[in-house]
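With TSV, C-alpha atoms and all ligand atoms inside, this is final.tsv:
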chain	number	residue	atom	x	y	z
A	371	VAL	CA	80.27	112.57	71.77
A	372	ALA	CA	77.91	112.29	74.73
A	373	GLY	CA	79.45	114.36	77.45
A	374	PRO	CA	80.52	115.40	79.96
A	375	LEU	CA	83.41	112.96	80.09
A	376	VAL	CA	85.93	112.70	82.92
A	377	LEU	CA	89.44	111.40	82.31
A	378	SER	CA	90.99	109.73	85.36
A	379	ILE	CA	94.68	109.03	85.87
A	380	GLU	CA	96.28	106.55	88.28
A	381	SER	CA	100.04	106.21	88.86
A	382	SER	CA	100.43	105.63	92.61
A	383	CYS	CA	102.45	102.42	92.39
A	384	ASP	CA	103.43	100.23	89.43
A	385	GLU	CA	100.48	100.65	87.07
A	386	THR	CA	100.12	103.58	84.67
A	387	ALA	CA	96.38	103.72	84.10
A	388	MET	CA	93.77	106.00	82.58
A	389	ALA	CA	90.05	105.76	82.05
A	390	VAL	CA	87.21	107.82	80.61
A	391	THR	CA	83.89	107.85	82.47
A	392	ASP	CA	80.67	109.45	81.25
A	393	SER	CA	78.30	111.40	83.44
A	394	HIS	CA	76.23	108.26	84.19
A	395	GLY	CA	79.32	106.46	85.49
A	396	VAL	CA	79.71	104.29	82.37
A	397	VAL	CA	83.37	103.42	81.78
A	398	CYS	CA	83.97	104.29	78.12
A	399	ALA	CA	87.67	103.38	78.17
A	400	SER	CA	90.08	101.84	80.65
A	401	VAL	CA	93.76	101.20	79.98
A	402	VAL	CA	96.27	99.72	82.44
A	403	ALA	CA	99.96	99.56	81.55
A	404	THR	CA	101.58	97.40	84.18
A	405	GLN	CA	105.29	97.56	85.07
A	406	ILE	CA	105.30	94.16	86.77
A	407	ASP	CA	107.98	92.73	84.44
A	408	PHE	CA	110.42	95.50	85.35
A	409	HIS	CA	110.02	94.94	89.11
A	410	ALA	CA	109.68	91.14	89.14
A	411	ARG	CA	113.38	90.39	89.30
A	412	PHE	CA	113.70	92.55	92.43
A	413	GLY	CA	110.81	90.78	94.20
A	414	GLY	CA	108.96	94.06	94.77
A	415	VAL	CA	108.37	97.53	93.38
A	416	VAL	CA	111.52	99.65	93.01
A	417	PRO	CA	110.29	103.25	93.43
A	418	GLU	CA	112.71	104.92	91.04
A	419	ILE	CA	112.01	102.39	88.30
A	420	ALA	CA	108.28	102.97	88.87
A	421	SER	CA	108.63	106.75	88.35
A	422	ARG	CA	110.70	106.34	85.21
A	423	LYS	CA	108.37	103.77	83.68
A	424	HIS	CA	105.35	106.01	84.37
A	425	THR	CA	107.18	108.83	82.57
A	426	GLU	CA	107.84	106.57	79.57
A	427	ALA	CA	104.35	105.11	79.40
A	428	ILE	CA	102.03	107.97	80.25
A	429	VAL	CA	101.65	109.65	76.84
A	430	GLY	CA	101.02	106.29	75.14
A	431	VAL	CA	98.45	105.39	77.78
A	432	LEU	CA	96.62	108.69	77.15
A	433	GLU	CA	96.60	108.07	73.38
A	434	GLU	CA	95.31	104.53	73.82
A	435	THR	CA	92.64	105.67	76.30
A	436	LEU	CA	91.39	108.42	73.99
A	437	ALA	CA	91.36	105.97	71.06
A	438	GLN	CA	89.42	103.39	73.09
A	439	ALA	CA	86.93	106.05	74.19
A	440	GLY	CA	86.64	107.17	70.55
A	441	ALA	CA	85.82	103.59	69.50
A	442	HIS	CA	83.19	103.48	72.27
A	443	PHE	CA	81.48	106.45	70.63
A	444	GLY	CA	82.02	105.16	67.10
A	445	CYS	CA	84.68	107.65	66.06
A	446	ASP	CA	88.43	107.40	65.52
A	447	THR	CA	89.67	108.91	68.74
A	448	LEU	CA	88.71	111.57	71.26
A	449	ALA	CA	90.67	114.78	71.64
A	450	PRO	CA	91.53	116.23	75.06
A	451	SER	CA	89.10	119.05	74.20
A	452	ASP	CA	86.25	116.47	74.23
A	453	LEU	CA	86.83	115.99	77.95
A	454	ALA	CA	85.11	117.89	80.75
A	455	ALA	CA	87.65	117.37	83.52
A	456	VAL	CA	90.76	115.48	84.49
A	457	GLY	CA	90.94	113.56	87.78
A	458	VAL	CA	94.15	112.17	89.19
A	459	THR	CA	95.24	110.07	92.15
A	460	SER	CA	97.16	112.52	94.32
A	461	GLY	CA	97.85	110.02	97.13
A	462	PRO	CA	98.63	107.90	98.97
A	463	GLY	CA	101.37	105.96	97.19
A	464	LEU	CA	104.99	106.23	96.11
A	465	VAL	CA	105.82	109.92	95.94
A	466	GLY	CA	107.87	109.76	92.75
A	467	ALA	CA	105.20	107.68	91.04
A	468	LEU	CA	102.37	109.99	92.13
A	469	VAL	CA	104.28	113.06	90.97
A	470	VAL	CA	104.31	111.78	87.37
A	471	GLY	CA	100.52	111.40	87.25
A	472	VAL	CA	99.85	114.66	89.09
A	473	ALA	CA	102.23	116.71	86.91
A	474	PHE	CA	100.81	115.12	83.74
A	475	ALA	CA	97.22	115.82	84.85
A	476	LYS	CA	98.10	119.44	85.56
A	477	GLY	CA	99.79	119.82	82.16
A	478	LEU	CA	96.72	118.39	80.44
A	479	ALA	CA	94.37	120.56	82.50
A	480	VAL	CA	96.28	123.68	81.48
A	481	ALA	CA	96.73	122.68	77.84
A	482	ALA	CA	93.08	121.67	77.29
A	483	ASP	CA	91.62	124.18	79.75
A	484	LEU	CA	90.02	121.51	81.97
A	485	PRO	CA	89.23	121.60	85.67
A	486	LEU	CA	91.49	119.39	87.79
A	487	ILE	CA	90.20	116.89	90.39
A	488	ALA	CA	92.26	115.25	93.14
A	489	VAL	CA	91.33	111.67	94.04
A	490	HIS	CA	92.31	109.62	97.09
A	491	HIS	CA	93.61	106.25	95.92
A	492	LEU	CA	91.83	104.30	98.67
A	493	GLU	CA	88.52	105.96	97.93
A	494	GLY	CA	88.97	104.53	94.43
A	495	HIS	CA	89.53	101.02	95.82
A	496	LEU	CA	86.49	101.47	98.05
A	497	MET	CA	84.23	102.71	95.27
A	498	ALA	CA	85.33	99.90	92.91
A	499	ASN	CA	82.64	97.95	94.76
A	500	LEU	CA	79.99	100.10	93.04
A	501	PHE	CA	80.78	98.52	89.64
A	502	GLU	CA	78.88	95.36	90.53
A	503	THR	CA	76.82	96.62	93.47
A	504	PRO	CA	75.58	100.09	92.51
A	505	ASP	CA	73.11	100.06	95.40
A	506	LEU	CA	75.88	99.80	98.02
A	507	LYS	CA	75.13	102.62	100.45
A	508	PRO	CA	76.79	103.80	103.66
A	509	PRO	CA	76.93	103.06	106.47
A	510	PHE	CA	79.07	99.96	105.94
A	511	VAL	CA	82.46	98.56	106.88
A	512	ALA	CA	85.23	98.31	104.29
A	513	SER	CA	88.28	96.12	104.51
A	514	LEU	CA	91.02	97.66	102.36
A	515	VAL	CA	93.79	95.18	101.61
A	516	SER	CA	96.47	95.94	99.06
A	517	GLY	CA	100.21	95.95	98.56
A	518	GLY	CA	100.55	99.22	100.44
A	519	ASN	CA	97.58	99.34	102.82
A	520	THR	CA	95.67	97.16	105.27
A	521	MET	CA	92.85	98.80	107.17
A	522	LEU	CA	89.31	98.55	108.39
A	523	VAL	CA	87.16	101.57	107.66
A	524	HIS	CA	83.74	102.55	108.92
A	525	VAL	CA	82.17	104.31	105.95
A	526	ARG	CA	79.60	106.52	107.69
A	527	ALA	CA	78.72	108.35	104.48
A	528	TRP	CA	80.53	108.80	101.15
A	529	GLY	CA	83.45	111.04	102.05
A	530	ASP	CA	83.01	110.46	105.80
A	531	TYR	CA	85.47	107.74	106.68
A	532	GLU	CA	86.47	106.56	110.13
A	533	VAL	CA	89.61	104.44	109.98
A	534	LEU	CA	89.00	101.84	112.69
A	535	GLY	CA	92.52	100.47	112.53
A	536	SER	CA	95.34	99.61	110.19
A	537	THR	CA	98.57	97.64	110.01
A	538	ILE	CA	101.37	98.66	112.31
A	539	ASP	CA	103.99	97.21	109.95
A	540	ASP	CA	103.55	95.35	106.62
A	541	ALA	CA	100.46	95.40	104.43
A	542	VAL	CA	98.71	92.12	103.60
A	543	GLY	CA	99.75	92.19	99.93
A	544	GLU	CA	103.29	93.01	101.00
A	545	ALA	CA	103.31	89.86	103.18
A	546	PHE	CA	102.22	87.75	100.18
A	547	ASP	CA	104.94	89.41	98.09
A	548	LYS	CA	107.67	88.88	100.70
A	549	VAL	CA	106.78	85.23	101.27
A	550	ALA	CA	106.80	84.65	97.51
A	551	LYS	CA	110.18	86.36	97.28
A	552	ALA	CA	111.58	84.10	100.05
A	553	LEU	CA	110.38	81.09	98.06
A	554	GLY	CA	111.82	82.43	94.79
A	555	LEU	CA	108.33	82.60	93.25
A	556	GLY	CA	108.65	86.10	91.78
A	557	TYR	CA	106.52	89.24	92.03
A	558	PRO	CA	103.65	89.82	92.66
A	559	GLY	CA	103.31	87.07	95.23
A	560	GLY	CA	99.55	87.14	95.81
A	561	PRO	CA	98.34	85.38	92.66
A	562	VAL	CA	100.98	82.62	92.75
A	563	ILE	CA	100.61	81.97	96.50
A	564	SER	CA	96.82	81.83	96.25
A	565	LYS	CA	96.99	79.35	93.34
A	566	LEU	CA	99.35	77.10	95.32
A	567	ALA	CA	97.22	77.49	98.45
A	568	ALA	CA	94.15	76.16	96.65
A	569	LYS	CA	95.92	72.77	96.42
A	570	GLY	CA	97.30	72.74	99.98
A	571	ASN	CA	96.26	71.87	103.50
A	572	GLN	CA	95.62	74.94	105.66
A	573	ARG	CA	96.35	72.99	108.85
A	574	ALA	CA	99.69	71.53	107.73
A	575	ILE	CA	101.80	74.19	109.47
A	576	HIS	CA	100.74	76.42	112.31
A	577	PHE	CA	101.62	80.06	111.78
A	578	PRO	CA	100.81	82.86	114.27
A	579	ARG	CA	97.60	84.89	114.02
A	580	ALA	CA	99.17	88.15	115.18
A	581	MET	CA	96.98	90.58	117.17
A	582	MET	CA	93.90	88.44	116.55
A	583	HIS	CA	92.76	89.04	120.14
A	584	SER	CA	94.35	92.46	120.67
A	585	GLY	CA	90.95	94.05	121.27
A	586	ASP	CA	91.49	96.71	118.62
A	587	TYR	CA	91.57	96.97	114.84
A	588	SER	CA	95.34	97.04	114.39
A	589	PHE	CA	97.05	94.44	112.25
A	590	SER	CA	100.62	93.14	112.22
A	591	LEU	CA	101.94	91.06	109.35
A	592	SER	CA	105.70	91.22	109.74
A	593	GLY	CA	105.83	88.52	112.47
A	594	LEU	CA	103.91	86.12	110.23
A	595	LYS	CA	106.27	86.84	107.34
A	596	THR	CA	109.26	86.18	109.64
A	597	ALA	CA	107.66	82.96	110.92
A	598	VAL	CA	107.25	81.72	107.33
A	599	ILE	CA	110.83	82.64	106.42
A	600	THR	CA	112.14	80.97	109.60
A	601	TYR	CA	110.17	77.83	108.69
A	602	ILE	CA	111.62	77.83	105.15
A	603	GLU	CA	115.17	78.24	106.48
A	604	GLY	CA	114.63	75.45	109.04
A	605	GLU	CA	113.38	73.02	106.40
A	606	ASN	CA	116.25	73.96	104.08
A	607	ARG	CA	118.81	73.37	106.87
A	608	ALA	CA	117.26	70.00	107.67
A	609	GLY	CA	117.40	69.11	103.97
A	610	ARG	CA	113.64	68.54	103.86
A	611	PRO	CA	111.78	69.52	100.69
A	612	ILE	CA	109.15	72.20	101.24
A	613	ASN	CA	105.58	71.32	100.41
A	614	LEU	CA	104.71	74.58	98.65
A	615	PRO	CA	100.92	74.14	98.52
A	616	ASN	CA	100.77	73.33	102.25
A	617	LEU	CA	103.03	76.25	103.14
A	618	ALA	CA	101.00	78.64	100.97
A	619	ALA	CA	97.67	77.39	102.34
A	620	SER	CA	98.84	77.61	105.97
A	621	PHE	CA	100.21	81.13	105.47
A	622	GLU	CA	97.09	82.28	103.65
A	623	ALA	CA	94.83	80.83	106.36
A	624	ALA	CA	96.74	82.77	109.04
A	625	VAL	CA	96.21	86.00	107.08
A	626	VAL	CA	92.55	85.34	106.34
A	627	ASP	CA	91.65	84.28	109.90
A	628	VAL	CA	92.81	87.61	111.34
A	629	GLN	CA	91.19	89.67	108.59
A	630	VAL	CA	87.85	87.95	109.06
A	631	ALA	CA	87.93	88.02	112.88
A	632	LYS	CA	88.60	91.77	113.02
A	633	ALA	CA	86.13	92.55	110.25
A	634	LYS	CA	83.47	90.56	112.15
A	635	THR	CA	84.07	92.60	115.32
A	636	ALA	CA	83.93	95.81	113.28
A	637	VAL	CA	80.59	94.84	111.77
A	638	GLU	CA	79.20	93.90	115.17
A	639	GLU	CA	80.42	97.07	116.87
A	640	THR	CA	79.24	99.45	114.16
A	641	GLY	CA	75.96	97.56	113.66
A	642	VAL	CA	76.13	97.82	109.86
A	643	SER	CA	74.56	95.27	107.53
A	644	ASP	CA	77.05	95.58	104.66
A	645	ILE	CA	80.75	94.90	104.36
A	646	CYS	CA	82.95	95.31	101.31
A	647	ILE	CA	86.54	94.51	100.39
A	648	GLY	CA	88.87	96.60	98.27
A	649	GLY	CA	92.45	96.55	96.99
A	650	GLY	CA	94.64	94.05	95.17
A	651	VAL	CA	94.22	91.34	97.82
A	652	ALA	CA	90.42	91.50	97.35
A	653	ALA	CA	91.16	89.22	94.37
A	654	ASN	CA	92.14	86.44	96.79
A	655	PRO	CA	89.56	83.63	96.43
A	656	GLU	CA	90.08	82.30	99.97
A	657	LEU	CA	89.56	85.74	101.51
A	658	ARG	CA	86.39	86.27	99.45
A	659	ALA	CA	85.05	82.83	100.42
A	660	ALA	CA	85.83	83.32	104.12
A	661	TYR	CA	83.99	86.65	104.15
A	662	GLN	CA	80.99	85.13	102.38
A	663	LYS	CA	80.91	82.22	104.83
A	664	THR	CA	81.25	84.28	108.02
A	665	PHE	CA	78.99	87.17	107.08
A	666	GLY	CA	76.48	85.04	105.19
A	667	LYS	CA	75.67	83.35	108.50
A	668	MET	CA	75.16	86.76	110.12
A	669	GLY	CA	72.87	88.06	107.38
A	670	VAL	CA	75.44	90.72	106.46
A	671	ARG	CA	75.85	91.38	102.73
A	672	VAL	CA	79.39	91.03	101.37
A	673	THR	CA	80.31	93.13	98.34
A	674	VAL	CA	83.49	92.58	96.36
A	675	PRO	CA	84.85	94.45	93.35
A	676	PRO	CA	84.97	92.64	90.00
A	677	MET	CA	88.32	90.85	89.60
A	678	ARG	CA	89.47	93.34	86.93
A	679	ALA	CA	88.95	96.23	89.36
A	680	CYS	CA	90.76	94.79	92.40
A	681	GLY	CA	94.31	95.75	91.40
A	682	ASP	CA	95.21	99.34	90.61
A	683	ASN	CA	93.27	100.79	87.69
A	684	ALA	CA	91.89	104.18	86.67
A	685	ALA	CA	88.26	103.15	86.16
A	686	MET	CA	87.90	103.00	89.95
A	687	ILE	CA	89.50	106.47	90.21
A	688	GLY	CA	86.88	107.67	87.74
A	689	ILE	CA	84.04	107.05	90.23
A	690	PRO	CA	85.14	109.55	92.92
A	691	ALA	CA	86.45	111.85	90.15
A	692	LEU	CA	82.99	111.96	88.56
A	693	ARG	CA	81.36	112.58	91.94
A	694	SER	CA	83.71	115.51	92.54
A	695	TYR	CA	83.05	116.81	89.04
A	696	LEU	CA	79.29	116.73	89.56
A	697	ALA	CA	79.71	118.44	92.96
A	698	GLY	CA	82.02	121.09	91.48
A	699	ASN	CA	84.79	120.01	93.83
A	700	PHE	CA	87.96	120.96	91.94
A	701	ALA	CA	91.64	121.13	92.87
A	702	GLU	CA	94.00	124.06	92.46
A	703	LEU	CA	96.76	123.89	89.87
A	704	THR	CA	99.20	123.93	92.81
A	705	LEU	CA	98.03	120.34	93.60
A	706	ASP	CA	100.92	118.23	94.88
A	707	ALA	CA	101.41	114.51	95.41
A	708	ALA	CA	100.44	113.45	98.94
A	709	PRO	CA	102.21	110.11	99.56
A	710	ASN	CA	100.73	109.69	103.06
A	711	ALA	CA	97.31	111.25	102.49
A	712	PRO	CA	94.94	110.09	105.24
A	713	LEU	CA	91.60	108.69	104.14
A	801	LIG	O1	95.93	97.29	94.90
A	801	LIG	P1	97.21	96.85	94.30
A	801	LIG	O2	97.27	96.61	92.82
A	801	LIG	O3	98.36	97.85	94.63
A	801	LIG	C1	98.41	98.67	95.72
A	801	LIG	O4	97.70	99.71	95.70
A	801	LIG	O5	99.13	98.28	96.66
A	801	LIG	O6	97.60	95.52	95.09
A	801	LIG	C2	98.71	94.75	94.74
A	801	LIG	C3	98.87	93.68	95.79
A	801	LIG	C4	100.16	92.89	95.65
A	801	LIG	O7	100.80	92.86	96.91
A	801	LIG	C5	99.69	91.51	95.23
A	801	LIG	O8	100.53	90.46	95.66
A	801	LIG	C6	98.33	91.43	95.89
A	801	LIG	O9	97.79	92.72	95.72
A	801	LIG	N1	97.47	90.41	95.27
A	801	LIG	C7	97.01	89.32	95.92
A	801	LIG	C8	96.28	88.56	94.97
A	801	LIG	N2	96.31	89.23	93.77
A	801	LIG	C9	97.04	90.36	93.98
A	801	LIG	N3	97.17	88.91	97.19
A	801	LIG	C10	96.61	87.75	97.55
A	801	LIG	N4	95.93	86.96	96.71
A	801	LIG	C11	95.72	87.32	95.42
A	801	LIG	N5	95.03	86.52	94.59
What would you get if you wrote out this structure as structure tokens?
Ligand code: KG4
Amino acid sequence: VAGPLVLSIESSCDETAMAVTDSHGVVCASVVATQIDFHARFGGVVPEIASRKHTEAIVGVLEETLAQAGAHFGCDTLAPSDLAAVGVTSGPGLVGALVVGVAFAKGLAVAADLPLIAVHHLEGHLMANLFETPDLKPPFVASLVSGGNTMLVHVRAWGDYEVLGSTIDDAVGEAFDKVAKALGLGYPGGPVISKLAAKGNQRAIHFPRAMMHSGDYSFSLSGLKTAVITYIEGENRAGRPINLPNLAASFEAAVVDVQVAKAKTAVEETGVSDICIGGGVAANPELRAAYQKTFGKMGVRVTVPPMRACGDNAAMIGIPALRSYLAGNFAELTLDAAPNAPL
């Protein structure tokens, strides 16, 4: 086995994930066990179910990850003793979900005598951009858009993050999920809404662009969600059928317009020449296209993570974990879950 190898663990929301990364940053194994089916009928993630499913899945995910890494090196499976360190997402996220990953990582660190590394979940989303753009270097602006977070960050240097602004209520992904729930389209809402939106007319219904001209980097999504739900209820009362593609496209355009407008101001004010997107909503084709269009004209490079690395996964956690390993930046065995950890 070519070492040193870092195992990374991610359990902040509804994916139990592990990966093995070598010292050059090559991902030797990456396993994601999603719980989507268990949450779908509730239209969103139920925290207690998430914790319990992580507990059920986590040993199997480790075995599969070690077997996959073994196959990468042409042997049957790796043993925990083949690893050099174990990194784990310690926050932010659902506290009960984080606790499962953190406690498991600590158990493994003690049992296999490995150093422990704490990773910030959003730094993972941010660094997922390095998979396809390894030359991405600070300073740049990052737009982090997921089911739990919506923020604009000025990345001054790796590890030196200035949060320019964030949502004051719902996250972007949460808005997609809640609109899908109101339409009975299941969970997660993002993929289904974006597929419908591709066939719809963005100008069919006018929805508010909240805080678009607020002069700061704060976002608000709950008014938009309410406007969409009010529209659905109005059409239902009037007995009119809802044109789902038009509704989805109009909603998505309202989200994208605000994201792009604020990101553009952030790029202008910070004077950077790179912007990247991270988080589950970075998979949204309309958002990606709008960024390319706006920033392409300005000569600003847009970097996006590969589709497989947009949603929660442990390969992205492996990047900051490896950096910490190489820098000798280890956590104590008293490490606790930090559900609201600031970036
Ligand atoms: O990053 P992620 O897996 O979990 C969090 O850390 O929150 O993001 C999940 C979120 C969900 O809200 C999901 O609806 C959204 O990402 N999402 C999308 C798309 N694919 C996933 N939102 C919009 N368009 C998509 N294509």
Selection: 7 Å around Val489 (chain A), all atoms listed in the file, excl. self and same-chain fewer than 6 positions, as a compact mmCIF listing (two decimals) with C-alpha atoms, in the frame of the given file:
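As written to disk, result03.txt reads:
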# COMPACT_ATOMS: atom_id res chain seq x y z
CA GLY A 457 90.94 113.56 87.78
CA VAL A 458 94.15 112.17 89.19
CA THR A 459 95.24 110.07 92.15
CA SER A 460 97.16 112.52 94.32
CA ILE A 687 89.50 106.47 90.21
CA PRO A 690 85.14 109.55 92.92
CA ALA A 691 86.45 111.85 90.15
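Restricting the calculation to all atoms listed in the file, the smallest distance between ligand LIG 801 (chain A) and any of A:Glu544, A:Glu426, A:Glu380, A:Glu622 is found for A:Glu544.
In this structure, CA of Leu436 (chain A) sits 17.6 Å away from CA of His424 (chain A).
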Using all atoms listed in the file: which of A:Glu418, A:Asp547, A:Glu532, A:Glu605 has the shortest distance to ligand LIG 801 (chain A): A:Asp547
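Take the candidates A:Thr520, A:Ser378, A:Ser564, A:Gln629 and check each one against Ala653 (chain A) using all atoms listed in the file; the shortest distance goes to A:Ser564.
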Kindly assemble as a tab-separated table a list of the chain A residues that lie within 9 Å of ligand LIG 801 (chain A), each paired with its nearest atom pair and their distance in Å to one decimal, using all atoms listed in the file, sorted first by chain and then by ascending residue number.
residue	atom	partner	partner_atom	distance
A:Ser382	CA	A:LIG801	O4	7.2
A:Cys383	CA	A:LIG801	O4	6.4
A:Asp384	CA	A:LIG801	O3	7.6
A:Glu385	CA	A:LIG801	O2	7.7
A:Gly414	CA	A:LIG801	O7	8.5
A:Pro462	CA	A:LIG801	O4	8.9
A:Gly463	CA	A:LIG801	O4	7.4
A:His491	CA	A:LIG801	O4	7.7
A:Leu492	CA	A:LIG801	O4	8.0
A:His495	CA	A:LIG801	O1	7.5
A:Leu514	CA	A:LIG801	O1	8.9
A:Val515	CA	A:LIG801	O1	7.4
A:Ser516	CA	A:LIG801	O6	4.1
A:Gly517	CA	A:LIG801	O5	3.2
A:Gly518	CA	A:LIG801	O5	4.1
A:Asn519	CA	A:LIG801	O5	6.4
A:Ala541	CA	A:LIG801	O7	7.9
A:Val542	CA	A:LIG801	O7	7.0
A:Gly543	CA	A:LIG801	O7	3.3
A:Glu544	CA	A:LIG801	O7	4.8
A:Ala545	CA	A:LIG801	O7	7.4
A:Phe546	CA	A:LIG801	O8	5.5
A:Asp547	CA	A:LIG801	O8	5.1
A:Lys548	CA	A:LIG801	O7	8.8
A:Ala550	CA	A:LIG801	O8	8.7
A:Tyr557	CA	A:LIG801	O8	7.1
A:Pro558	CA	A:LIG801	O8	4.4
A:Gly559	CA	A:LIG801	O8	4.4
A:Gly560	CA	A:LIG801	N3	3.3
A:Pro561	CA	A:LIG801	N5	4.0
A:Val562	CA	A:LIG801	N5	7.3
A:Ile563	CA	A:LIG801	N4	6.8
A:Ser564	CA	A:LIG801	N4	5.2
A:Lys565	CA	A:LIG801	N5	7.5
A:Glu622	CA	A:LIG801	C10	8.2
A:Gly648	CA	A:LIG801	O1	7.9
A:Gly649	CA	A:LIG801	O1	4.1
A:Gly650	CA	A:LIG801	O6	3.3
A:Val651	CA	A:LIG801	N3	3.9
A:Ala652	CA	A:LIG801	C8	7.0
A:Ala653	CA	A:LIG801	N5	4.7
A:Asn654	CA	A:LIG801	N5	3.6
A:Pro655	CA	A:LIG801	N5	6.5
A:Glu656	CA	A:LIG801	N4	8.2
A:Leu657	CA	A:LIG801	N4	8.1
A:Ala679	CA	A:LIG801	O1	9.0
A:Cys680	CA	A:LIG801	O1	6.3
A:Gly681	CA	A:LIG801	O2	3.4
A:Asp682	CA	A:LIG801	O2	4.1
A:Asn683	CA	A:LIG801	O2	7.7
CA of Ser513 (chain A) to CA of Leu500 (chain A), straight-line distance in Å: 14.7 Å
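Proximity ranking of A:Cys445, A:Leu486, A:Leu496, A:Ala659 relative to Gly529 (chain A) places A:Leu496 first, based on only C-alpha atoms.
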Residues within 6 Å of (105.2, 93.4, 108.1), file coordinates, counting only C-alpha atoms: what are they? Give the list as a short mmCIF file (atom, residue, chain, number, x, y, z; two decimals) with C-alpha atoms, in the coordinates of the input.
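So the final result, stored in selection21.cif, reads:
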data_model
loop_
_atom_site.label_atom_id
_atom_site.label_comp_id
_atom_site.auth_asym_id
_atom_site.auth_seq_id
_atom_site.Cartn_x
_atom_site.Cartn_y
_atom_site.Cartn_z
CA ASP A 539 103.99 97.21 109.95
CA ASP A 540 103.55 95.35 106.62
CA LEU A 591 101.94 91.06 109.35
CA SER A 592 105.70 91.22 109.74
#
Length of the CA of Glu702 (chain A) to CA of Ala399 (chain A) vector [Å]: 25.9 Å
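The smallest atom-to-atom distance between Ala574 (chain A) and any of A:Ala473, A:Val626, A:Leu614, A:Ala660, using only C-alpha atoms, is found for A:Leu614.
Among the candidate residues A:Gly641, A:Asp446, A:Ala387, A:Lys423, the one lying nearest to His524 (chain A) is A:Gly641, with distances computed using only C-alpha atoms.
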Point (89.4, 101.4, 113.6), cut-off 7 Å, counting all atoms listed in the file, residues as a PyMOL selection string: chain A and resi 522-523+532-535+587
12 Å contact set for Ala631 (chain A), all atoms listed in the file, chain neighbours under 2 positions out, as a ChimeraX atom specification: /A:513,522,579-589,623-629,633-638,657,660-661,664-665
